[in-house]
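Novice: Pasting model11.txt here (compact mmCIF, C-alpha atoms):
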```
# COMPACT_ATOMS: atom_id res chain seq x y z
CA MET X 1 -5.00 -52.05 1.85
CA PRO X 2 -3.52 -49.27 4.06
CA PRO X 3 -2.13 -46.17 2.31
CA ARG X 4 1.61 -46.04 1.66
CA PRO X 5 3.44 -43.99 4.33
CA ARG X 6 4.74 -40.68 2.98
CA PHE X 7 8.19 -41.20 4.46
CA LEU X 8 8.63 -44.52 2.65
CA PRO X 9 10.69 -44.24 -0.58
CA ASP X 10 9.32 -45.50 -3.89
CA ASN X 11 9.67 -49.17 -4.82
CA MET X 12 12.62 -48.61 -7.17
CA THR X 13 14.57 -46.82 -4.44
CA LEU X 14 13.87 -49.64 -2.01
CA MET X 15 15.00 -52.20 -4.58
CA LEU X 16 18.20 -50.24 -5.27
CA LEU X 17 18.98 -50.07 -1.56
CA THR X 18 18.32 -53.80 -1.26
CA VAL X 19 20.63 -54.57 -4.18
CA VAL X 20 23.42 -52.37 -2.79
CA LEU X 21 23.11 -54.02 0.63
CA THR X 22 23.05 -57.48 -0.96
CA ALA X 23 26.17 -56.71 -3.00
CA SER X 24 27.85 -55.29 0.11
CA PHE X 25 27.31 -58.44 2.17
CA PHE X 26 27.00 -61.07 -0.58
CA PRO X 27 29.01 -59.86 -3.61
CA ALA X 28 29.09 -61.97 -6.75
CA GLY X 29 32.10 -64.26 -6.81
CA VAL X 30 34.97 -63.92 -9.25
CA ARG X 31 33.95 -67.14 -11.02
CA ILE X 32 30.46 -65.93 -11.97
CA ALA X 33 31.51 -62.34 -12.74
CA PRO X 34 32.05 -63.01 -16.51
CA ASP X 35 28.61 -64.65 -16.79
CA LEU X 36 27.07 -61.72 -14.92
CA ASP X 37 28.74 -59.28 -17.30
CA LEU X 38 27.40 -61.16 -20.32
CA LEU X 39 23.90 -61.12 -18.84
CA THR X 40 24.08 -57.35 -18.26
CA VAL X 41 25.15 -56.80 -21.88
CA LEU X 42 22.15 -58.81 -23.12
CA MET X 43 19.76 -56.97 -20.77
CA ILE X 44 21.07 -53.56 -21.87
CA GLY X 45 20.68 -54.54 -25.54
CA LEU X 46 17.09 -55.69 -24.89
CA LEU X 47 16.38 -52.48 -22.99
CA PHE X 48 17.46 -50.21 -25.85
CA PHE X 49 15.69 -52.40 -28.40
CA LEU X 50 12.41 -51.98 -26.53
CA HIS X 51 12.99 -48.24 -26.12
CA GLY X 52 13.50 -47.98 -29.86
CA ALA X 53 10.29 -49.92 -30.50
CA LYS X 54 8.38 -47.77 -28.00
CA LEU X 55 9.38 -44.34 -29.33
CA SER X 56 6.73 -42.88 -31.61
CA ARG X 57 8.26 -40.72 -34.31
CA GLU X 58 4.86 -39.15 -34.98
CA ALA X 59 4.55 -37.96 -31.37
CA VAL X 60 7.99 -36.37 -31.47
CA ILE X 61 7.29 -34.59 -34.77
CA ALA X 62 3.88 -33.39 -33.58
CA GLY X 63 5.32 -31.81 -30.44
CA ALA X 64 8.43 -30.34 -32.04
CA THR X 65 6.85 -27.04 -33.08
CA HIS X 66 7.80 -25.23 -29.86
CA TRP X 67 11.44 -25.21 -30.90
CA ARG X 68 12.58 -22.39 -28.59
CA LEU X 69 11.51 -24.29 -25.49
CA HIS X 70 12.99 -27.58 -26.69
CA LEU X 71 16.27 -25.88 -27.58
CA ALA X 72 16.40 -24.28 -24.13
CA VAL X 73 15.82 -27.67 -22.43
CA LEU X 74 18.48 -29.40 -24.54
CA CYS X 75 20.98 -26.60 -23.87
CA SER X 76 20.30 -26.89 -20.13
CA THR X 77 20.78 -30.66 -20.24
CA PHE X 78 23.78 -31.00 -22.53
CA VAL X 79 25.54 -27.61 -22.28
CA LEU X 80 24.81 -25.81 -19.01
CA PHE X 81 24.95 -28.93 -16.81
CA PRO X 82 28.35 -30.14 -18.13
CA LEU X 83 29.78 -26.59 -17.97
CA LEU X 84 28.67 -26.37 -14.35
CA GLY X 85 30.42 -29.65 -13.54
CA LEU X 86 33.64 -28.41 -15.14
CA ILE X 87 33.52 -24.93 -13.57
CA LEU X 88 33.00 -26.39 -10.09
CA LYS X 89 35.88 -28.86 -10.46
CA PRO X 90 38.39 -27.03 -8.17
CA ALA X 91 35.81 -26.75 -5.38
CA LEU X 92 34.40 -30.27 -5.78
CA LEU X 93 37.82 -31.92 -5.67
CA THR X 94 38.37 -30.43 -2.20
CA VAL X 95 35.43 -32.44 -0.80
CA LEU X 96 35.25 -35.44 -3.16
CA THR X 97 37.71 -38.07 -4.37
CA PRO X 98 38.78 -37.87 -8.05
CA GLU X 99 36.74 -41.03 -8.77
CA LEU X 100 33.56 -39.50 -7.35
CA TYR X 101 34.18 -36.30 -9.28
CA ILE X 102 34.23 -38.43 -12.45
CA GLY X 103 30.82 -39.66 -11.34
CA ILE X 104 29.63 -36.05 -11.04
CA LEU X 105 30.89 -35.30 -14.56
CA PHE X 106 29.14 -38.40 -15.90
CA LEU X 107 25.94 -37.31 -14.16
CA CYS X 108 26.20 -33.88 -15.81
CA VAL X 109 26.26 -35.25 -19.38
CA LEU X 110 23.27 -37.60 -19.06
CA PRO X 111 19.87 -36.93 -20.70
CA SER X 112 16.77 -35.97 -18.78
CA THR X 113 14.21 -38.38 -17.36
CA VAL X 114 10.99 -39.00 -19.30
CA GLN X 115 8.22 -40.33 -17.07
CA SER X 116 8.93 -38.28 -13.95
CA SER X 117 9.60 -35.06 -15.92
CA ILE X 118 6.20 -35.35 -17.59
CA ALA X 119 4.48 -36.36 -14.35
CA PHE X 120 5.88 -33.44 -12.35
CA THR X 121 5.07 -31.01 -15.17
CA ALA X 122 1.47 -32.23 -15.15
CA VAL X 123 1.18 -31.86 -11.36
CA ALA X 124 2.66 -28.33 -11.53
CA ARG X 125 0.20 -27.29 -14.30
CA GLY X 126 2.94 -26.80 -16.86
CA ASN X 127 3.03 -27.34 -20.65
CA VAL X 128 2.58 -31.12 -20.73
CA PRO X 129 2.68 -31.63 -24.55
CA ALA X 130 5.96 -29.71 -24.69
CA ALA X 131 7.29 -31.72 -21.75
CA ILE X 132 6.52 -34.97 -23.57
CA CYS X 133 8.43 -33.79 -26.63
CA SER X 134 11.36 -32.25 -24.72
CA ALA X 135 11.89 -35.24 -22.44
CA SER X 136 11.61 -37.68 -25.35
CA ALA X 137 13.99 -35.62 -27.50
CA SER X 138 16.48 -35.42 -24.63
CA ASN X 139 16.50 -39.20 -24.24
CA LEU X 140 16.69 -39.80 -27.99
CA LEU X 141 19.56 -37.34 -28.50
CA GLY X 142 21.22 -38.62 -25.34
CA ILE X 143 21.94 -41.92 -27.07
CA PHE X 144 24.21 -39.99 -29.45
CA VAL X 145 25.22 -36.89 -27.48
CA THR X 146 26.03 -38.45 -24.09
CA PRO X 147 28.68 -40.90 -25.41
CA VAL X 148 30.34 -38.01 -27.28
CA LEU X 149 30.37 -35.86 -24.14
CA VAL X 150 31.64 -38.80 -22.08
CA GLY X 151 34.52 -39.16 -24.54
CA LEU X 152 35.29 -35.44 -24.55
CA ILE X 153 34.84 -34.69 -20.85
CA VAL X 154 34.72 -37.81 -18.69
CA ILE X 155 37.12 -40.25 -20.36
CA SER X 156 39.61 -37.49 -21.21
CA SER X 157 39.61 -36.54 -17.52
CA HIS X 158 39.95 -40.13 -16.35
CA GLY X 159 41.80 -42.05 -19.06
CA SER X 160 39.31 -44.92 -19.24
CA HIS X 161 38.59 -46.90 -22.44
CA SER X 162 40.21 -45.94 -25.71
CA SER X 163 37.92 -43.85 -27.92
CA LEU X 164 37.70 -46.62 -30.56
CA GLU X 165 36.69 -49.19 -27.97
CA SER X 166 34.03 -46.83 -26.57
CA ILE X 167 32.64 -46.13 -30.05
CA LEU X 168 32.39 -49.83 -30.85
CA LYS X 169 30.62 -50.55 -27.57
CA ILE X 170 28.18 -47.71 -28.18
CA VAL X 171 27.40 -49.05 -31.65
CA TYR X 172 26.76 -52.70 -30.83
CA GLN X 173 25.38 -52.40 -27.29
CA LEU X 174 23.27 -49.21 -27.57
CA LEU X 175 22.83 -47.88 -31.09
CA LEU X 176 22.22 -51.08 -33.06
CA PRO X 177 19.55 -52.41 -30.63
CA PHE X 178 17.85 -48.98 -30.61
CA VAL X 179 17.81 -48.72 -34.43
CA ALA X 180 16.61 -52.32 -34.67
CA GLY X 181 13.76 -51.46 -32.30
CA GLN X 182 12.83 -48.42 -34.41
CA LEU X 183 12.79 -50.55 -37.58
CA ALA X 184 10.74 -53.26 -35.86
CA ARG X 185 8.19 -50.78 -34.47
CA ARG X 186 5.89 -51.18 -37.49
CA TRP X 187 5.47 -54.85 -36.56
CA ILE X 188 5.79 -54.90 -32.76
CA GLY X 189 5.01 -51.27 -31.80
CA ALA X 190 1.38 -51.98 -30.92
CA TRP X 191 2.39 -55.01 -28.85
CA VAL X 192 5.06 -52.99 -26.99
CA ASP X 193 2.58 -50.14 -26.34
CA SER X 194 0.08 -52.61 -24.87
CA HIS X 195 2.73 -54.31 -22.69
CA LYS X 196 4.33 -51.33 -20.96
CA GLY X 197 4.78 -53.46 -17.86
CA LEU X 198 7.31 -55.57 -19.78
CA LEU X 199 9.39 -52.49 -20.60
CA LYS X 200 9.27 -51.45 -16.96
CA VAL X 201 10.50 -54.89 -15.84
CA VAL X 202 13.36 -54.85 -18.36
CA ASP X 203 14.12 -51.22 -17.48
CA GLN X 204 14.30 -51.82 -13.74
CA GLY X 205 15.80 -55.28 -14.08
CA SER X 206 18.74 -54.05 -16.16
CA ILE X 207 19.40 -51.22 -13.69
CA LEU X 208 19.34 -53.55 -10.69
CA LEU X 209 21.54 -56.11 -12.47
CA VAL X 210 24.16 -53.52 -13.46
CA VAL X 211 24.15 -52.01 -9.96
CA TYR X 212 24.60 -55.43 -8.36
CA ALA X 213 27.44 -56.39 -10.72
CA ALA X 214 29.18 -53.02 -10.30
CA PHE X 215 28.90 -52.92 -6.53
CA SER X 216 29.90 -56.57 -6.21
CA GLU X 217 33.18 -55.87 -7.96
CA ALA X 218 33.66 -52.65 -6.01
CA VAL X 219 33.07 -54.39 -2.67
CA ARG X 220 35.63 -57.02 -3.58
CA GLN X 221 38.05 -54.14 -4.15
CA GLY X 222 37.19 -52.44 -0.85
CA LEU X 223 34.63 -49.79 -1.91
CA TRP X 224 33.30 -48.94 1.55
CA ARG X 225 36.82 -48.57 2.93
CA GLN X 226 37.52 -46.03 0.20
CA VAL X 227 34.29 -44.03 0.69
CA PRO X 228 33.84 -43.00 4.33
CA LEU X 229 30.55 -41.65 5.68
CA ALA X 230 31.83 -38.06 5.63
CA THR X 231 32.51 -38.34 1.89
CA VAL X 232 28.99 -39.66 1.26
CA PHE X 233 27.61 -36.66 3.18
CA ASN X 234 29.75 -34.32 1.06
CA LEU X 235 28.47 -36.03 -2.06
CA ILE X 236 24.85 -35.46 -0.98
CA LEU X 237 25.61 -31.75 -0.45
CA VAL X 238 27.25 -31.53 -3.89
CA CYS X 239 24.21 -33.15 -5.55
CA CYS X 240 21.91 -30.68 -3.76
CA LEU X 241 24.12 -27.80 -4.90
CA LEU X 242 24.08 -28.93 -8.53
CA LEU X 243 20.31 -29.34 -8.58
CA GLY X 244 19.74 -26.01 -6.83
CA LEU X 245 22.00 -24.11 -9.23
CA MET X 246 20.30 -25.68 -12.25
CA VAL X 247 16.77 -24.92 -11.02
CA VAL X 248 17.66 -21.30 -10.24
CA SER X 249 19.51 -20.83 -13.56
CA ILE X 250 16.70 -22.33 -15.64
CA SER X 251 14.01 -20.33 -13.82
CA TRP X 252 15.93 -17.09 -14.28
CA SER X 253 16.72 -17.70 -17.96
CA SER X 254 13.11 -18.68 -18.77
CA ARG X 255 11.88 -15.35 -17.40
CA ARG X 256 14.76 -13.48 -19.03
CA PHE X 257 13.78 -14.82 -22.48
CA GLY X 258 10.06 -14.22 -22.01
CA PHE X 259 8.71 -17.76 -21.62
CA SER X 260 5.30 -18.23 -20.04
CA LYS X 261 4.92 -19.70 -16.54
CA GLU X 262 3.73 -22.98 -18.07
CA ASP X 263 6.82 -23.15 -20.27
CA GLU X 264 9.05 -22.23 -17.31
CA ILE X 265 7.65 -25.19 -15.38
CA THR X 266 8.38 -27.50 -18.31
CA MET X 267 11.93 -26.16 -18.62
CA VAL X 268 12.62 -26.61 -14.89
CA PHE X 269 11.42 -30.20 -14.71
CA CYS X 270 12.87 -31.35 -18.05
CA GLY X 271 16.14 -29.42 -17.90
CA SER X 272 17.27 -30.04 -14.32
CA LYS X 273 16.75 -33.81 -14.07
CA LYS X 274 18.99 -36.72 -15.00
CA SER X 275 17.98 -40.22 -16.06
CA LEU X 276 18.98 -43.13 -13.86
CA ALA X 277 17.45 -45.55 -16.39
CA THR X 278 19.74 -44.30 -19.16
CA GLY X 279 22.76 -43.54 -16.99
CA VAL X 280 23.23 -46.98 -15.44
CA PRO X 281 23.41 -48.96 -18.72
CA MET X 282 25.59 -46.27 -20.33
CA ALA X 283 28.04 -46.32 -17.42
CA LYS X 284 28.37 -50.07 -17.85
CA VAL X 285 29.03 -49.69 -21.58
CA LEU X 286 31.26 -46.61 -21.62
CA LEU X 287 33.42 -47.00 -18.51
CA THR X 288 35.71 -49.68 -17.12
CA SER X 289 34.24 -52.17 -14.65
CA SER X 290 36.50 -50.97 -11.85
CA THR X 291 35.11 -47.43 -12.02
CA VAL X 292 31.40 -48.08 -12.59
CA SER X 293 30.40 -48.26 -8.91
CA MET X 294 32.07 -44.92 -8.09
CA VAL X 295 30.39 -43.34 -11.11
CA LEU X 296 26.96 -44.71 -10.19
CA LEU X 297 27.03 -43.52 -6.57
CA PRO X 298 26.54 -39.79 -7.39
CA LEU X 299 23.84 -40.67 -9.95
CA MET X 300 21.89 -42.82 -7.49
CA LEU X 301 21.99 -40.11 -4.83
CA PHE X 302 21.10 -37.34 -7.30
CA HIS X 303 18.17 -39.40 -8.58
CA GLN X 304 16.57 -39.56 -5.13
CA ILE X 305 17.30 -35.90 -4.36
CA GLN X 306 15.76 -34.72 -7.63
CA LEU X 307 12.58 -36.73 -7.00
CA LEU X 308 12.11 -35.28 -3.51
CA THR X 309 12.95 -31.72 -4.59
CA CYS X 310 10.79 -31.80 -7.71
CA ALA X 311 7.84 -33.13 -5.72
CA VAL X 312 8.04 -30.07 -3.46
CA LEU X 313 8.52 -27.71 -6.43
CA ALA X 314 5.59 -29.22 -8.33
CA SER X 315 3.32 -28.72 -5.32
CA ARG X 316 4.41 -25.08 -4.95
CA TYR X 317 3.93 -24.37 -8.66
CA ALA X 318 0.47 -25.97 -8.57
CA LYS X 319 -0.60 -23.86 -5.58
CA ARG X 320 0.66 -20.70 -7.30
CA GLN X 321 -1.22 -21.54 -10.48
CA ASN X 322 -4.40 -22.19 -8.48
CA SER X 323 -4.08 -18.88 -6.63
CA ILE X 324 -3.60 -17.02 -9.93
CA LYS X 325 -6.73 -18.63 -11.37
CA ASN X 326 -8.73 -17.79 -8.24
CA THR X 327 -7.79 -14.12 -8.45
CA GLN X 328 -8.79 -13.84 -12.11
```
Take the structure from the file and write it as structure tokens.
Specialist:
Amino acid sequence: MPPRPRFLPDNMTLMLLTVVLTASFFPAGVRIAPDLDLLTVLMIGLLFFLHGAKLSREAVIAGATHWRLHLAVLCSTFVLFPLLGLILKPALLTVLTPELYIGILFLCVLPSTVQSSIAFTAVARGNVPAAICSASASNLLGIFVTPVLVGLIVISSHGSHSSLESILKIVYQLLLPFVAGQLARRWIGAWVDSHKGLLKVVDQGSILLVVYAAFSEAVRQGLWRQVPLATVFNLILVCCLLLGLMVVSISWSSRRFGFSKEDEITMVFCGSKKSLATGVPMAKVLLTSSTVSMVLLPLMLFHQIQLLTCAVLASRYAKRQNSIKNTQ
């Protein structure tokens, strides 16, 4: 089998592009939209149930001793990132529509990724055990913290769902399935751990389903007439700016507070990234159907940009670590 070309995006990116193109040319009809919405609710519930069953409380407790690093990562994810989105509001609204700016704010309050954060930390020769704990803690806390931040920052800026409606949706679509998965872990945890492919299918399937449903509705409402190519280009530049500012800020603060190079690497990769897997289902739950596609567009672009950028950073960190070892 020939090697995969370097310029070719990963499979998930290709599937996302395929789904967006399919929704653009063949959007779901109005008649099947309610059934599609019900299916997405069930898929999201299953997704969070399996995530609850997968999460090992012992692993989190074992890695939680490096509290200064974990606190720094959580502050970067849930404090510095949202503050940056709010501070840049006057500048961003000059190049983006108000709807896309809401998407930027939503992006800023999401938790970090898990798998890619750990993978890039390992490649860069960083503190992998700390990365496992920080990324897992970010995703776990994100289930509680992100909806609160969405209510305080995003919904208050946009006037979307009422707070009571959002809280109820969080409880029965996200929190209850997650808690049920945690309680069921003692019986199904081993089975879930040995069938990680199932979680990946549900994970990716729920994302693709939500994206198709959201973009189908948006296309019916004239999405691509509302978002010209120049605006998409501006959005890409904004995503690059956000990621660049976060990487520089985290790197500087890690050195300022005396963290080791290995810990700095962990902070950069866990604190500057945002989770597409968590963001897509949460957008569907927390925001109105008419706004989901606009909210997801910045997240989808940022996701690809962070993967490409972090791949380059991980390679540079690894080379630096190798050169340091060779000189010792």
Novice: Env of Leu74 in chain X: 8 Å cut, atoms = all atoms listed in the file, seq-sep filter 4 positions within chain, self excluded. Answer as a compact mmCIF listing (two decimals) with C-alpha atoms, keeping the file's coordinate frame.
Specialist:
```
# COMPACT_ATOMS: atom_id res chain seq x y z
CA HIS X 70 12.99 -27.58 -26.69
CA PHE X 78 23.78 -31.00 -22.53
CA VAL X 79 25.54 -27.61 -22.28
CA SER X 134 11.36 -32.25 -24.72
CA SER X 138 16.48 -35.42 -24.63
CA GLY X 271 16.14 -29.42 -17.90
```
Novice: Can you tell me, as a PyMOL selection string, what residues are no more than 12 Å from Leu242 in chain X when counting all atoms listed in the file, ignoring any on the same chain fewer than 3 positions away?
Specialist: chain X and resi 80-89+92+104-105+107-108+235-239+245-249+272-274+298-299+301-302+305-306
Novice: Pull the closest atom pair for each residue of range 20-121 of chain X that gets at most 7 Å from range 210-234 of chain X, along with the distance in Å to one decimal, counting only C-alpha atoms, ordering rows by chain and then ascending residue number, as JSON lines.
Specialist:
```
{"residue": "X:Val20", "atom": "CA", "partner": "X:Tyr212", "partner_atom": "CA", "distance": 6.5}
{"residue": "X:Ala23", "atom": "CA", "partner": "X:Ser216", "partner_atom": "CA", "distance": 4.9}
{"residue": "X:Ser24", "atom": "CA", "partner": "X:Val219", "partner_atom": "CA", "distance": 6.0}
{"residue": "X:Pro27", "atom": "CA", "partner": "X:Ser216", "partner_atom": "CA", "distance": 4.3}
{"residue": "X:Ala28", "atom": "CA", "partner": "X:Ser216", "partner_atom": "CA", "distance": 5.5}
{"residue": "X:Leu36", "atom": "CA", "partner": "X:Ala213", "partner_atom": "CA", "distance": 6.8}
{"residue": "X:Thr40", "atom": "CA", "partner": "X:Val210", "partner_atom": "CA", "distance": 6.1}
{"residue": "X:Val95", "atom": "CA", "partner": "X:Asn234", "partner_atom": "CA", "distance": 6.3}
{"residue": "X:Leu96", "atom": "CA", "partner": "X:Thr231", "partner_atom": "CA", "distance": 6.4}
```
Novice: In terms of the shortest atom-to-atom distance over only C-alpha atoms, which of X:Gln182, X:Asn11, X:Thr121, X:Ser206 is closest to Val41 in chain X?
Specialist: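 The shortest atom-to-atom distance to Val41 in chain X comes from X:Ser206.
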Novice: For Pro177 in chain X, which residue among X:Leu110, X:Ile143, X:Leu39, X:Ala131 is the nearest when counting all atoms listed in the file?
Specialist: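 Nearest candidate to Pro177 in chain X out of X:Leu110, X:Ile143, X:Leu39, X:Ala131: X:Ile143.
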Novice: Quick one, how far is CA of Ile118 in chain X from CA of Leu307 in chain X?
Specialist: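 Between these atoms lies a distance of 12.4 Å.
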Novice: Using Å and a single decimal, report how far CA of Leu50 in chain X sits from CA of Lys196 in chain X.
Specialist: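 Taking CA of Lys196 in chain X as the start and CA of Leu50 in chain X as the end point, the length is 9.8 Å.
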Novice: May I ask for the distance between CA of Met282 in chain X and CA of Thr146 in chain X, given in Å to one decimal place?
Specialist: 8.7 Å
Novice: Would you list the residues near (4.8, -31.5, -19.5), meaning any protein, DNA or RNA residue with an atom at most 12 Å from that point in file coordinates, counting all atoms listed in the file, as a PyMOL selection string?
Specialist: chain X and resi 63+69-70+113-136+262-271+314
Novice: Of the residues X:Leu287, X:Leu38, X:Leu16, X:Ile207, which is the one nearest to Pro147 in chain X, using all atoms listed in the file?
Specialist: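 Closest candidate: X:Leu287.
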Novice: Looking at all atoms listed in the file, which of X:Asp193, X:Ser112, X:Cys240, X:Ala184 is the one that sits closest to Leu276 in chain X?
Specialist: X:Ser112
Novice: Taking all atoms listed in the file into account, name the residue in X:Leu241, X:Trp187, X:Cys310, X:Val179 that is nearest to Ala91 in chain X.
Specialist: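 That would be X:Leu241, the residue with the smallest distance to Ala91 in chain X.
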